[in-house]
$ cat target_36.txt   # compact mmCIF, C-alpha atoms
# COMPACT_ATOMS: atom_id res chain seq x y z
CA MET I 692 -8.34 -2.61 17.00
CA SER I 693 -12.03 -3.51 17.20
CA GLN I 694 -13.10 -0.69 14.88
CA PRO I 695 -14.63 -1.38 11.45
CA SER I 696 -12.15 -2.74 8.91
CA TRP I 697 -12.10 0.41 6.80
CA THR I 698 -11.33 2.49 9.88
CA ARG I 699 -8.45 0.22 10.80
CA TYR I 700 -7.26 0.61 7.23
CA LEU I 701 -7.08 4.36 7.79
CA LEU I 702 -4.91 3.64 10.82
CA VAL I 703 -6.90 5.58 13.37
CA LEU I 704 -5.24 3.37 15.96
CA PRO I 705 -5.67 4.03 19.66
CA LEU I 706 -2.72 5.22 21.66
CA ALA I 707 -3.25 2.54 24.28
CA ALA I 708 -1.09 1.61 27.22
CA CYS I 709 1.52 -0.13 25.09
CA GLN I 710 4.65 -0.39 27.17
CA VAL I 711 7.57 -1.91 25.31
CA GLY I 712 7.99 -4.52 28.01
CA ALA I 713 4.53 -6.03 27.44
CA SER I 714 4.04 -9.08 25.21
CA ASP I 715 0.99 -9.71 23.01
CA GLY I 716 1.48 -13.48 23.04
CA ALA I 717 2.52 -16.03 25.62
CA ALA I 718 4.36 -18.28 23.19
CA ARG I 719 6.72 -17.46 20.32
CA PRO I 720 6.33 -19.20 16.97
CA PRO I 721 9.56 -20.64 15.57
CA GLY I 722 11.35 -19.37 12.49
CA TRP I 723 11.77 -15.61 12.91
CA LEU I 724 12.49 -13.45 9.89
CA TRP I 725 15.10 -11.05 11.18
CA SER I 726 14.91 -7.53 9.81
CA THR I 727 17.36 -4.67 9.80
CA ALA I 728 15.15 -1.74 10.78
CA TYR I 729 15.50 1.92 9.76
CA ALA I 730 13.41 4.62 11.42
CA VAL I 731 12.04 7.29 9.10
CA PRO I 732 12.99 10.63 10.73
CA SER I 733 10.16 11.96 12.86
CA GLU I 734 10.19 15.41 11.23
CA TRP I 735 8.77 13.84 8.05
CA THR I 736 5.71 12.45 9.85
CA SER I 737 3.27 13.72 12.44
CA GLU I 738 2.16 10.45 14.05
CA GLU I 739 4.91 8.07 12.90
CA SER I 740 2.66 6.51 10.27
CA GLY I 741 2.61 5.89 6.55
CA TYR I 742 0.74 3.82 4.02
CA PHE I 743 1.44 1.46 1.11
CA SER I 744 3.58 4.02 -0.70
CA ILE I 745 6.80 2.10 -1.39
CA ILE I 746 8.59 1.09 -4.61
CA GLU I 747 12.10 0.40 -5.90
CA GLY I 748 13.38 2.86 -8.48
CA HIS I 749 15.61 2.05 -11.43
CA ASP I 750 18.45 3.54 -9.36
CA ARG I 751 17.93 0.76 -6.77
CA ARG I 752 16.75 3.27 -4.16
CA ILE I 753 13.51 2.59 -2.28
CA TYR I 754 10.98 5.43 -2.55
CA VAL I 755 8.56 5.81 0.36
CA GLY I 756 5.74 8.31 0.92
CA THR I 757 5.07 9.80 4.35
CA ALA I 758 2.12 11.40 6.15
CA LYS I 759 2.36 14.57 8.22
CA TYR I 760 -1.26 15.29 9.09
CA GLY I 761 -2.23 18.93 9.02
CA HIS I 762 1.08 19.99 7.51
CA ASN I 763 2.69 18.21 4.57
CA ALA I 764 3.78 15.00 2.88
CA TYR I 765 7.19 13.92 1.64
CA LEU I 766 8.62 11.43 -0.82
CA VAL I 767 11.66 9.88 0.83
CA ALA I 768 14.50 7.99 -0.86
CA PHE I 769 16.17 5.17 1.08
CA ASP I 770 19.60 4.06 -0.13
CA PRO I 771 20.13 0.39 0.84
CA ARG I 772 23.89 0.68 0.34
CA SER I 773 24.40 3.43 2.90
CA GLY I 774 21.23 2.99 4.98
CA ARG I 775 20.54 6.71 4.63
CA LEU I 776 17.22 8.41 3.96
CA ARG I 777 16.63 11.81 2.41
CA THR I 778 13.62 13.73 1.18
CA VAL I 779 13.40 14.12 -2.58
CA VAL I 780 9.94 15.73 -2.80
CA ASP I 781 8.42 18.24 -0.40
CA ALA I 782 4.80 18.09 -1.60
CA GLN I 783 3.55 21.48 -0.47
CA ARG I 784 6.67 23.29 -1.64
CA GLU I 785 6.34 21.72 -5.10
CA ILE I 786 2.66 22.69 -5.26
CA GLY I 787 3.35 26.16 -3.91
CA ALA I 788 0.91 25.66 -1.03
CA GLN I 789 1.21 26.81 2.58
CA ALA I 790 -2.11 25.50 3.89
CA THR I 791 -2.34 23.75 7.24
CA GLY I 792 -5.01 21.69 8.95
CA PHE I 793 -7.36 19.71 6.74
CA ALA I 794 -6.47 21.93 3.76
CA ALA I 795 -2.89 20.60 3.77
CA GLN I 796 -1.56 17.89 1.48
CA ALA I 797 -1.20 15.50 4.40
CA LYS I 798 -0.35 12.14 2.82
CA ILE I 799 1.32 10.32 0.01
CA HIS I 800 -0.99 7.31 0.09
CA THR I 801 -0.56 6.02 -3.47
CA ARG I 802 1.34 2.83 -4.09
CA ASN I 803 4.20 4.42 -6.01
CA ASN I 804 4.75 3.32 -9.60
CA VAL I 805 7.81 3.56 -11.83
CA GLY I 806 7.59 4.35 -15.53
CA VAL I 807 9.84 2.86 -18.20
CA SER I 808 11.71 6.17 -18.05
CA GLY I 809 12.55 5.60 -14.37
CA ARG I 810 10.30 8.42 -13.20
CA ILE I 811 8.37 7.85 -9.96
CA TYR I 812 4.58 8.38 -10.15
CA PHE I 813 2.59 9.19 -7.01
CA GLY I 814 -0.04 11.60 -5.66
CA THR I 815 -1.12 13.55 -2.60
CA LYS I 816 -4.15 12.97 -0.43
CA GLN I 817 -6.17 14.59 2.36
CA GLY I 818 -5.73 13.84 6.04
CA TYR I 819 -8.54 13.87 8.61
CA PRO I 820 -10.83 16.85 9.27
CA LYS I 821 -11.40 18.15 12.75
CA ARG I 822 -14.93 18.89 13.90
CA ASP I 823 -14.86 22.49 12.71
CA GLU I 824 -13.29 21.71 9.33
CA PRO I 825 -15.61 20.98 6.36
CA ARG I 826 -14.44 18.46 3.78
CA THR I 827 -14.53 21.22 1.19
CA ALA I 828 -11.59 22.85 3.01
CA TYR I 829 -9.30 20.38 1.23
CA PRO I 830 -8.64 21.74 -2.29
CA GLY I 831 -7.82 18.33 -3.77
CA GLY I 832 -4.80 16.12 -4.34
CA HIS I 833 -2.20 16.38 -7.08
CA PRO I 834 -0.62 13.66 -9.22
CA MET I 835 3.15 14.12 -9.24
CA VAL I 836 6.06 12.72 -11.24
CA TYR I 837 9.57 12.76 -9.75
CA ASP I 838 12.57 12.25 -12.04
CA PRO I 839 15.54 10.84 -10.07
CA SER I 840 17.96 11.66 -12.90
CA SER I 841 17.23 15.40 -12.75
CA GLY I 842 15.83 15.74 -9.25
CA LYS I 843 12.85 17.63 -10.66
CA THR I 844 9.17 17.04 -9.96
CA ARG I 845 6.23 17.82 -12.23
CA VAL I 846 2.98 18.63 -10.44
CA TYR I 847 -0.31 18.11 -12.27
CA PRO I 848 -3.57 19.95 -11.53
CA VAL I 849 -6.20 18.66 -9.10
CA PRO I 850 -8.29 16.06 -11.01
CA ILE I 851 -11.48 16.39 -8.91
CA LYS I 852 -11.97 19.25 -6.48
CA HIS I 853 -11.85 18.30 -2.79
CA GLN I 854 -10.78 14.71 -3.54
CA GLY I 855 -7.38 13.16 -2.94
CA VAL I 856 -5.35 10.96 -5.28
CA ILE I 857 -5.02 7.27 -4.37
CA SER I 858 -3.56 5.78 -7.56
CA VAL I 859 -1.32 7.05 -10.38
CA THR I 860 -0.35 4.40 -12.95
CA PRO I 861 1.60 5.42 -16.05
CA ASP I 862 1.49 4.18 -19.61
CA GLU I 863 4.41 6.20 -20.94
CA SER I 864 4.24 4.50 -24.35
CA ARG I 865 0.96 6.37 -24.91
CA GLY I 866 1.91 9.48 -22.96
CA VAL I 867 -0.81 8.98 -20.34
CA ALA I 868 -1.33 8.03 -16.73
CA TYR I 869 -4.46 6.64 -15.11
CA ILE I 870 -5.68 8.26 -11.92
CA SER I 871 -8.01 7.17 -9.14
CA THR I 872 -9.35 9.85 -6.81
CA CYS I 873 -10.77 9.46 -3.30
CA SER I 874 -13.35 11.58 -1.50
CA ASP I 875 -12.76 9.66 1.77
CA GLU I 876 -16.46 9.70 2.61
CA ARG I 877 -18.07 6.85 4.50
CA PRO I 878 -19.63 4.39 4.14
CA ILE I 879 -19.31 4.75 0.34
CA GLU I 880 -16.95 7.22 -1.23
CA SER I 881 -16.48 8.70 -4.68
CA THR I 882 -13.48 7.36 -6.64
CA HIS I 883 -13.09 8.69 -10.16
CA PHE I 884 -11.25 6.56 -12.73
CA MET I 885 -9.50 9.12 -14.94
CA ARG I 886 -7.09 9.39 -17.85
CA LEU I 887 -4.36 12.07 -17.66
CA ASP I 888 -2.50 13.37 -20.71
CA LEU I 889 1.05 13.64 -19.36
CA LYS I 890 2.01 16.33 -21.87
CA THR I 891 -0.96 18.69 -21.64
CA GLY I 892 -2.09 17.91 -18.08
CA ARG I 893 -5.68 17.45 -19.21
CA TYR I 894 -7.99 14.85 -17.68
CA ARG I 895 -10.75 12.66 -18.97
CA ASP I 896 -13.19 11.27 -16.40
CA LEU I 897 -14.04 7.68 -17.32
CA LEU I 898 -16.22 6.53 -14.40
CA ASP I 899 -16.97 7.05 -10.70
CA CYS I 900 -16.22 3.52 -9.47
CA ARG I 901 -17.00 4.18 -5.76
CA HIS I 902 -14.35 1.65 -4.72
CA MET I 903 -12.06 2.67 -1.87
CA TYR I 904 -8.25 2.47 -2.13
CA ALA I 905 -8.17 1.43 -5.78
CA PHE I 906 -5.01 0.16 -7.47
CA ILE I 907 -5.04 0.73 -11.23
CA VAL I 908 -3.03 -1.66 -13.41
CA VAL I 909 -2.19 -1.48 -17.12
CA ASP I 910 -2.03 -4.88 -18.81
CA TYR I 911 0.00 -6.25 -21.73
CA LEU I 912 -2.44 -4.77 -24.27
CA GLY I 913 -2.37 -1.34 -22.66
CA ARG I 914 -5.83 -1.77 -21.09
CA ALA I 915 -6.30 -0.04 -17.75
CA TRP I 916 -8.22 -1.88 -14.99
CA HIS I 917 -9.92 -0.30 -11.97
CA PRO I 918 -12.15 -2.12 -9.40
CA ILE I 919 -15.82 -1.11 -9.13
CA LEU I 920 -17.82 -1.34 -5.92
CA GLY I 921 -19.74 -4.63 -5.88
CA GLY I 922 -17.16 -6.84 -7.60
CA THR I 923 -17.12 -5.85 -11.27
CA MET I 924 -14.09 -4.28 -12.91
CA ALA I 925 -13.75 -1.26 -15.15
CA ARG I 926 -11.58 -1.96 -18.21
CA TYR I 927 -10.56 0.88 -20.49
CA ASP I 928 -9.00 -0.02 -23.85
CA PRO I 929 -7.17 2.95 -25.41
CA ARG I 930 -6.94 1.16 -28.77
CA THR I 931 -10.70 1.31 -29.21
CA ASP I 932 -11.45 4.08 -26.69
CA ARG I 933 -13.91 1.70 -25.05
CA LEU I 934 -14.81 1.35 -21.38
CA ASP I 935 -16.34 -1.98 -20.29
CA ARG I 936 -17.70 -3.21 -16.96
CA VAL I 937 -16.37 -6.73 -16.64
CA PRO I 938 -17.77 -9.24 -14.11
CA GLN I 939 -15.39 -11.69 -12.48
CA THR I 940 -15.53 -15.36 -11.58
CA ILE I 941 -13.51 -17.27 -9.02
CA ASP I 942 -12.98 -20.96 -9.78
CA GLY I 943 -15.80 -20.75 -12.33
CA LEU I 944 -18.39 -19.16 -10.03
CA ALA I 945 -19.40 -15.67 -8.95
CA PRO I 946 -17.26 -14.58 -5.97
CA ALA I 947 -18.69 -15.86 -2.68
CA ALA I 948 -19.26 -13.46 0.19
CA ALA I 949 -16.33 -14.96 2.09
CA THR I 950 -13.87 -13.88 -0.61
CA ARG I 951 -14.53 -10.17 0.16
CA LEU I 952 -13.96 -9.53 -3.57
CA ALA I 953 -17.52 -8.40 -4.29
CA ASP I 954 -18.64 -6.72 -1.08
CA PRO I 955 -21.63 -4.38 -1.41
CA GLN I 956 -19.88 -2.21 1.17
CA PRO I 957 -16.33 -0.98 0.52
CA HIS I 958 -13.54 -3.39 1.36
CA PRO I 959 -9.90 -2.67 0.43
CA LEU I 960 -8.32 -4.81 -2.27
CA ASN I 961 -4.67 -5.06 -3.27
CA TRP I 962 -3.80 -5.66 -6.93
CA ASP I 963 -0.55 -6.12 -8.82
CA LEU I 964 0.53 -7.53 -12.19
CA SER I 965 2.97 -10.24 -13.20
CA PRO I 966 6.09 -8.90 -14.95
CA ASP I 967 4.66 -9.77 -18.39
CA ARG I 968 1.42 -7.99 -17.36
CA LYS I 969 -0.68 -11.00 -18.38
CA HIS I 970 -1.77 -12.07 -14.90
CA LEU I 971 -3.35 -10.02 -12.13
CA TYR I 972 -2.92 -11.02 -8.48
CA ALA I 973 -5.35 -9.87 -5.80
CA VAL I 974 -5.76 -9.97 -2.02
CA ALA I 975 -8.77 -8.74 -0.07
CA MET I 976 -7.60 -7.12 3.14
CA SER I 977 -9.47 -9.47 5.50
CA GLY I 978 -9.85 -12.48 3.20
CA ASN I 979 -6.74 -14.64 3.92
CA GLN I 980 -6.61 -15.84 0.33
CA LEU I 981 -4.51 -15.07 -2.75
CA TYR I 982 -6.23 -14.93 -6.15
CA SER I 983 -5.00 -14.72 -9.73
CA TYR I 984 -6.73 -13.66 -12.96
CA ASP I 985 -5.71 -14.54 -16.49
CA LEU I 986 -5.86 -11.33 -18.51
CA THR I 987 -5.27 -13.15 -21.82
CA THR I 988 -8.56 -15.05 -21.84
CA GLU I 989 -11.40 -13.98 -24.10
CA GLY I 990 -15.00 -13.88 -22.95
CA SER I 991 -17.60 -11.82 -21.18
CA SER I 992 -16.04 -12.21 -17.71
CA LEU I 993 -12.60 -12.16 -16.12
CA GLU I 994 -11.68 -15.63 -14.93
CA GLY I 995 -9.99 -15.87 -11.55
CA LYS I 996 -8.88 -18.69 -9.34
CA SER I 997 -7.96 -19.13 -5.69
CA LEU I 998 -4.35 -20.00 -5.02
CA GLY I 999 -4.68 -20.82 -1.32
CA PRO I 1000 -4.59 -19.15 2.08
CA LEU I 1001 -1.88 -16.67 2.97
CA VAL I 1002 -1.42 -18.03 6.51
CA ALA I 1003 -3.32 -21.29 6.79
CA THR I 1004 -3.23 -21.62 10.58
CA ALA I 1005 -4.32 -18.05 11.38
CA SER I 1006 -7.73 -17.36 12.87
CA ALA I 1007 -7.76 -13.84 11.39
CA THR I 1008 -5.59 -11.93 8.94
CA ASP I 1009 -5.07 -8.35 7.84
CA CYS I 1010 -3.20 -8.01 4.55
CA ARG I 1011 -2.80 -4.50 3.17
CA ALA I 1012 0.64 -5.03 1.58
CA MET I 1013 1.13 -7.07 -1.58
CA CYS I 1014 3.43 -6.77 -4.59
CA VAL I 1015 4.91 -8.80 -7.43
CA ALA I 1016 8.69 -8.90 -7.72
CA PRO I 1017 10.58 -8.50 -11.02
CA ASP I 1018 11.15 -12.30 -11.04
CA GLY I 1019 7.38 -12.98 -10.80
CA THR I 1020 7.25 -13.88 -7.10
CA VAL I 1021 4.19 -12.57 -5.28
CA TRP I 1022 4.93 -11.15 -1.82
CA ALA I 1023 2.49 -10.22 0.94
CA GLY I 1024 2.80 -8.75 4.41
CA VAL I 1025 0.18 -10.17 6.77
CA ALA I 1026 -0.85 -9.39 10.32
CA ALA I 1027 -1.85 -12.90 11.41
CA THR I 1028 -3.67 -13.72 14.65
CA PHE I 1029 -3.27 -17.20 16.16
CA PRO I 1030 -5.44 -18.76 18.88
CA GLY I 1031 -3.64 -18.61 22.19
CA ARG I 1032 -0.62 -16.77 20.79
CA GLY I 1033 -1.82 -13.37 19.63
CA LYS I 1034 -0.84 -11.40 16.55
CA PHE I 1035 2.41 -11.54 14.59
CA LEU I 1036 3.46 -9.84 11.37
CA HIS I 1037 4.26 -12.46 8.73
CA VAL I 1038 5.78 -12.39 5.27
CA VAL I 1039 4.29 -14.73 2.65
CA ASN I 1040 5.31 -15.48 -0.92
CA TYR I 1041 4.05 -17.42 -3.93
CA ARG I 1042 5.50 -18.39 -7.30
CA PRO I 1043 3.51 -19.58 -10.31
CA GLY I 1044 3.33 -23.37 -10.19
CA TRP I 1045 3.42 -23.64 -6.41
CA LYS I 1046 0.52 -25.47 -4.78
CA ALA I 1047 -0.20 -22.57 -2.41
CA PRO I 1048 1.39 -19.48 -0.87
CA VAL I 1049 4.18 -20.18 1.61
CA ASP I 1050 4.30 -18.53 5.03
CA ARG I 1051 7.89 -17.44 5.67
CA GLY I 1052 7.29 -16.63 9.32
CA PRO I 1053 7.01 -13.58 11.57
CA ILE I 1054 9.26 -10.53 11.58
CA ALA I 1055 11.62 -9.78 14.46
CA ILE I 1056 14.01 -6.83 14.63
CA ALA I 1057 17.72 -7.68 14.63
CA ASN I 1058 18.86 -4.17 15.63
CA PRO I 1059 16.51 -3.21 18.50
CA ASP I 1060 18.42 0.02 19.17
CA TYR I 1061 17.48 1.47 15.75
CA ALA I 1062 15.08 3.87 17.54
CA THR I 1063 14.53 5.20 21.06
CA PHE I 1064 11.25 3.84 22.40
CA THR I 1065 11.18 5.17 25.95
CA ASP I 1066 11.89 8.54 27.55
CA THR I 1067 14.14 9.23 30.54
CA ASN I 1068 11.31 8.19 32.89
CA GLY I 1069 10.92 4.81 31.20
CA GLN I 1070 7.60 5.73 29.61
CA THR I 1071 6.85 4.90 25.98
CA ARG I 1072 7.62 7.86 23.74
CA ARG I 1073 4.64 9.39 21.95
CA TRP I 1074 3.91 7.54 18.70
CA HIS I 1075 6.54 4.90 19.48
CA HIS I 1076 4.15 2.26 20.76
CA GLY I 1077 4.25 0.03 17.67
CA VAL I 1078 6.66 -2.61 18.95
CA VAL I 1079 6.43 -5.56 21.32
CA LYS I 1080 9.31 -6.79 23.48
CA ASP I 1081 8.87 -10.44 24.38
CA PRO I 1082 10.11 -11.85 27.73
CA ASP I 1083 13.24 -13.22 26.05
CA GLY I 1084 14.10 -9.76 24.70
CA THR I 1085 12.94 -10.27 21.11
CA LEU I 1086 11.64 -7.02 19.64
CA ARG I 1087 8.99 -7.23 16.96
CA PRO I 1088 6.57 -4.86 15.22
CA ARG I 1089 3.11 -4.78 16.74
CA TYR I 1090 0.24 -3.72 14.46
CA VAL I 1091 0.25 -4.25 10.69
CA ILE I 1092 2.52 -4.26 7.66
CA MET I 1093 1.57 -1.22 5.59
CA GLY I 1094 3.67 -1.59 2.45
CA ILE I 1095 5.90 -4.16 0.76
CA CYS I 1096 8.44 -3.95 -2.03
CA ALA I 1097 10.57 -6.76 -3.46
CA ALA I 1098 13.79 -5.39 -4.92
CA ARG I 1099 15.70 -6.77 -7.89
CA ALA I 1100 18.62 -7.79 -5.68
CA GLY I 1101 16.35 -10.12 -3.70
CA THR I 1102 15.82 -8.00 -0.59
CA VAL I 1103 12.24 -7.50 0.57
CA TYR I 1104 11.31 -4.22 2.23
CA VAL I 1105 8.26 -3.70 4.41
CA THR I 1106 7.00 -0.74 6.41
CA THR I 1107 5.43 -0.71 9.87
CA LEU I 1108 4.12 1.96 12.22
CA TYR I 1109 4.95 3.76 15.45
CA PRO I 1110 7.70 4.63 14.71
CA PHE I 1111 7.38 4.64 10.92
CA THR I 1112 9.94 2.01 10.03
CA ILE I 1113 11.48 0.48 6.91
CA HIS I 1114 12.46 -3.16 7.46
CA SER I 1115 15.06 -4.80 5.21
CA LEU I 1116 14.57 -8.58 4.98
CA ARG I 1117 16.51 -11.37 3.29
CA VAL I 1118 14.00 -14.19 2.98
CA PRO I 1119 15.49 -17.67 2.38
CA LYS I 1120 14.83 -18.99 -1.11
CA SER I 1121 12.51 -21.93 -1.52
CA THR I 1122 11.50 -24.31 -4.27
CA ASP I 1123 8.19 -25.27 -2.63

$ encode --input "target_36.txt" --output "structure tokens"
Amino acid sequence: MSQPSWTRYLLVLPLAACQVGASDGAARPPGWLWSTAYAVPSEWTSEESGYFSIIEGHDRRIYVGTAKYGHNAYLVAFDPRSGRLRTVVDAQREIGAQATGFAAQAKIHTRNNVGVSGRIYFGTKQGYPKRDEPRTAYPGGHPMVYDPSSGKTRVYPVPIKHQGVISVTPDESRGVAYISTCSDERPIESTHFMRLDLKTGRYRDLLDCRHMYAFIVVDYLGRAWHPILGGTMARYDPRTDRLDRVPQTIDGLAPAAATRLADPQPHPLNWDLSPDRKHLYAVAMSGNQLYSYDLTTEGSSLEGKSLGPLVATASATDCRAMCVAPDGTVWAGVAATFPGRGKFLHVVNYRPGWKAPVDRGPIAIANPDYATFTDTNGQTRRWHHGVVKDPDGTLRPRYVIMGICAARAGTVYVTTLYPFTIHSLRVPKSTD
């Protein structure tokens, strides 16, 4: 886990000697958040991994994207009432592709979005090339729209050849969706901010923002926002057909280097909107700080403010999962490292008016038999090394929280790796 941050974000994690009986920390923190865990069937993944592709549909099902490197990607529906999972979209079958290797549609990496219609918006993305595979072998990713009411999926053309799709955000009132592509090059990649006509399937390229893992949001005025490398933001207003580059401030000043919001080198950011779409919340992956922006203010810059640390006592944090619930609560999944204790996966929330985010504690698994972690010889099964069993028998996820979704019923869902797991959490309410 000592690789560069962007490499860790891609989850090229080492298959180390990770026996289930080993503990990462000598002492347990109090206040476990007990999850009910559900293993995503191994046939839908290649290395038991996934990304931040998780959302609740209008039908109350949880829609999760998977990664099967070199082969395919699937959109999976999880029914909280029955605990069952089923595939609803086979990406390559819908596209009509049979490619393997780097040419395959290997991931659904988008953070899924739901339109007013209830349709699920997502896209496909490239995997990782082997030494003899050129990046041009990948034809490009496809935006897709799945309709749970009919079970049908519409596939749109490749926006930019040889680039994947990392964000698909609809504005159904205008019949469009906004797309962000990803070339996956390093250290700086190409990421095209595009407008898709949902009826005709035609694209308009607005700007190459060069910002990795972009989340596009559409605010209360219908303006689409996309981060630009270096800290400015692209804002497209369909009412005037105008694209602006908007600088940001944090607490009245240009973002400091420590915020990781304006890095000259790519650093992943997580964005999401309040339910009224008037406030934008942001987390930099390694920044340990929650920020908010008021999208209603007029002026030449976007005014942001710091809301406080995610986990105040942590010496290091990795947050690649953040969302805003229908009731306006901000939720984050954080891999937090503590001096002398090691790393634990925490859930944090924040409500407008609170003094700071509140750490709800680390996740532990209430049903440790939800998956088989060792073979008949007692060795850790391949790609099942993502759990830690403490000396007292507590089983907990090891690496990072990849995705988070707060459902309307109050349950919070997070995903972790190795095996690819959906955790169902009931977090105690608080008035802090």

$ atom_distance --input "target_36.txt" --atom1 "CA of Tyr837 in chain I" --atom2 "CA of Ala1097 in chain I"
20.5 Å

$ residues_around --input "target_36.txt" --residues "range 925-938 of chain I" --least-positions-apart "6" --cutoff "12 Å" --atoms "only C-alpha atoms" --output "PyMOL selection string"
chain I and resi 862+864-869+871+883-886+895-902+905-919+944-946+952-953+984+986+989-995

$ closest_residue --input "target_36.txt" --among "I:Thr923, I:Ser1006, I:Gln796, I:Ser808" --to "Ala1026 in chain I" --atoms "only C-alpha atoms"
I:Ser1006

$ closest_residue --input "target_36.txt" --among "I:Tyr829, I:Tyr1104, I:Tyr819, I:Tyr742" --to "Ala795 in chain I" --atoms "all atoms listed in the file"
I:Tyr829

$ residues_near_point --input "target_36.txt" --point "(6.1, 5.8, 11.0)" --cutoff "12 Å" --atoms "only C-alpha atoms" --output "CSV table (one decimal) with C-alpha atoms, in the coordinates of the input"
chain,number,residue,atom,x,y,z
I,702,LEU,CA,-4.9,3.6,10.8
I,728,ALA,CA,15.2,-1.7,10.8
I,729,TYR,CA,15.5,1.9,9.8
I,730,ALA,CA,13.4,4.6,11.4
I,731,VAL,CA,12.0,7.3,9.1
I,732,PRO,CA,13.0,10.6,10.7
I,733,SER,CA,10.2,12.0,12.9
I,734,GLU,CA,10.2,15.4,11.2
I,735,TRP,CA,8.8,13.8,8.0
I,736,THR,CA,5.7,12.4,9.8
I,737,SER,CA,3.3,13.7,12.4
I,738,GLU,CA,2.2,10.4,14.0
I,739,GLU,CA,4.9,8.1,12.9
I,740,SER,CA,2.7,6.5,10.3
I,741,GLY,CA,2.6,5.9,6.6
I,742,TYR,CA,0.7,3.8,4.0
I,743,PHE,CA,1.4,1.5,1.1
I,755,VAL,CA,8.6,5.8,0.4
I,756,GLY,CA,5.7,8.3,0.9
I,757,THR,CA,5.1,9.8,4.4
I,758,ALA,CA,2.1,11.4,6.2
I,759,LYS,CA,2.4,14.6,8.2
I,1062,ALA,CA,15.1,3.9,17.5
I,1073,ARG,CA,4.6,9.4,22.0
I,1074,TRP,CA,3.9,7.5,18.7
I,1075,HIS,CA,6.5,4.9,19.5
I,1076,HIS,CA,4.2,2.3,20.8
I,1077,GLY,CA,4.2,0.0,17.7
I,1078,VAL,CA,6.7,-2.6,19.0
I,1088,PRO,CA,6.6,-4.9,15.2
I,1090,TYR,CA,0.2,-3.7,14.5
I,1091,VAL,CA,0.2,-4.2,10.7
I,1092,ILE,CA,2.5,-4.3,7.7
I,1093,MET,CA,1.6,-1.2,5.6
I,1094,GLY,CA,3.7,-1.6,2.4
I,1105,VAL,CA,8.3,-3.7,4.4
I,1106,THR,CA,7.0,-0.7,6.4
I,1107,THR,CA,5.4,-0.7,9.9
I,1108,LEU,CA,4.1,2.0,12.2
I,1109,TYR,CA,5.0,3.8,15.4
I,1110,PRO,CA,7.7,4.6,14.7
I,1111,PHE,CA,7.4,4.6,10.9
I,1112,THR,CA,9.9,2.0,10.0
I,1113,ILE,CA,11.5,0.5,6.9
I,1114,HIS,CA,12.5,-3.2,7.5

$ atom_distance --input "target_36.txt" --atom1 "CA of Ser977 in chain I" --atom2 "CA of Val1038 in chain I"
15.5 Å

$ residues_around --input "target_36.txt" --residues "Ser840 in chain I" --least-positions-apart "6" --cutoff "12 Å" --atoms "all atoms listed in the file" --output "list in words"
Gly748, His749, Asp750, Val779, Ser808, Gly809, Arg810 and Ile811 of chain I

$ closest_residue --input "target_36.txt" --among "I:Gln789, I:Ser874, I:Gln980, I:Thr987" --to "Val1025 in chain I" --atoms "only C-alpha atoms"
I:Gln980

$ closest_residue --input "target_36.txt" --among "I:Thr882, I:Ser744, I:Thr827, I:Asn979" --to "Pro850 in chain I" --atoms "only C-alpha atoms"
I:Thr882

$ atom_distance --input "target_36.txt" --atom1 "CA of Arg775 in chain I" --atom2 "CA of Arg752 in chain I"
10.2 Å

$ closest_residue --input "target_36.txt" --among "I:Val1049, I:Leu776, I:Leu960, I:Ile753" --to "Ala975 in chain I" --atoms "all atoms listed in the file"
I:Leu960
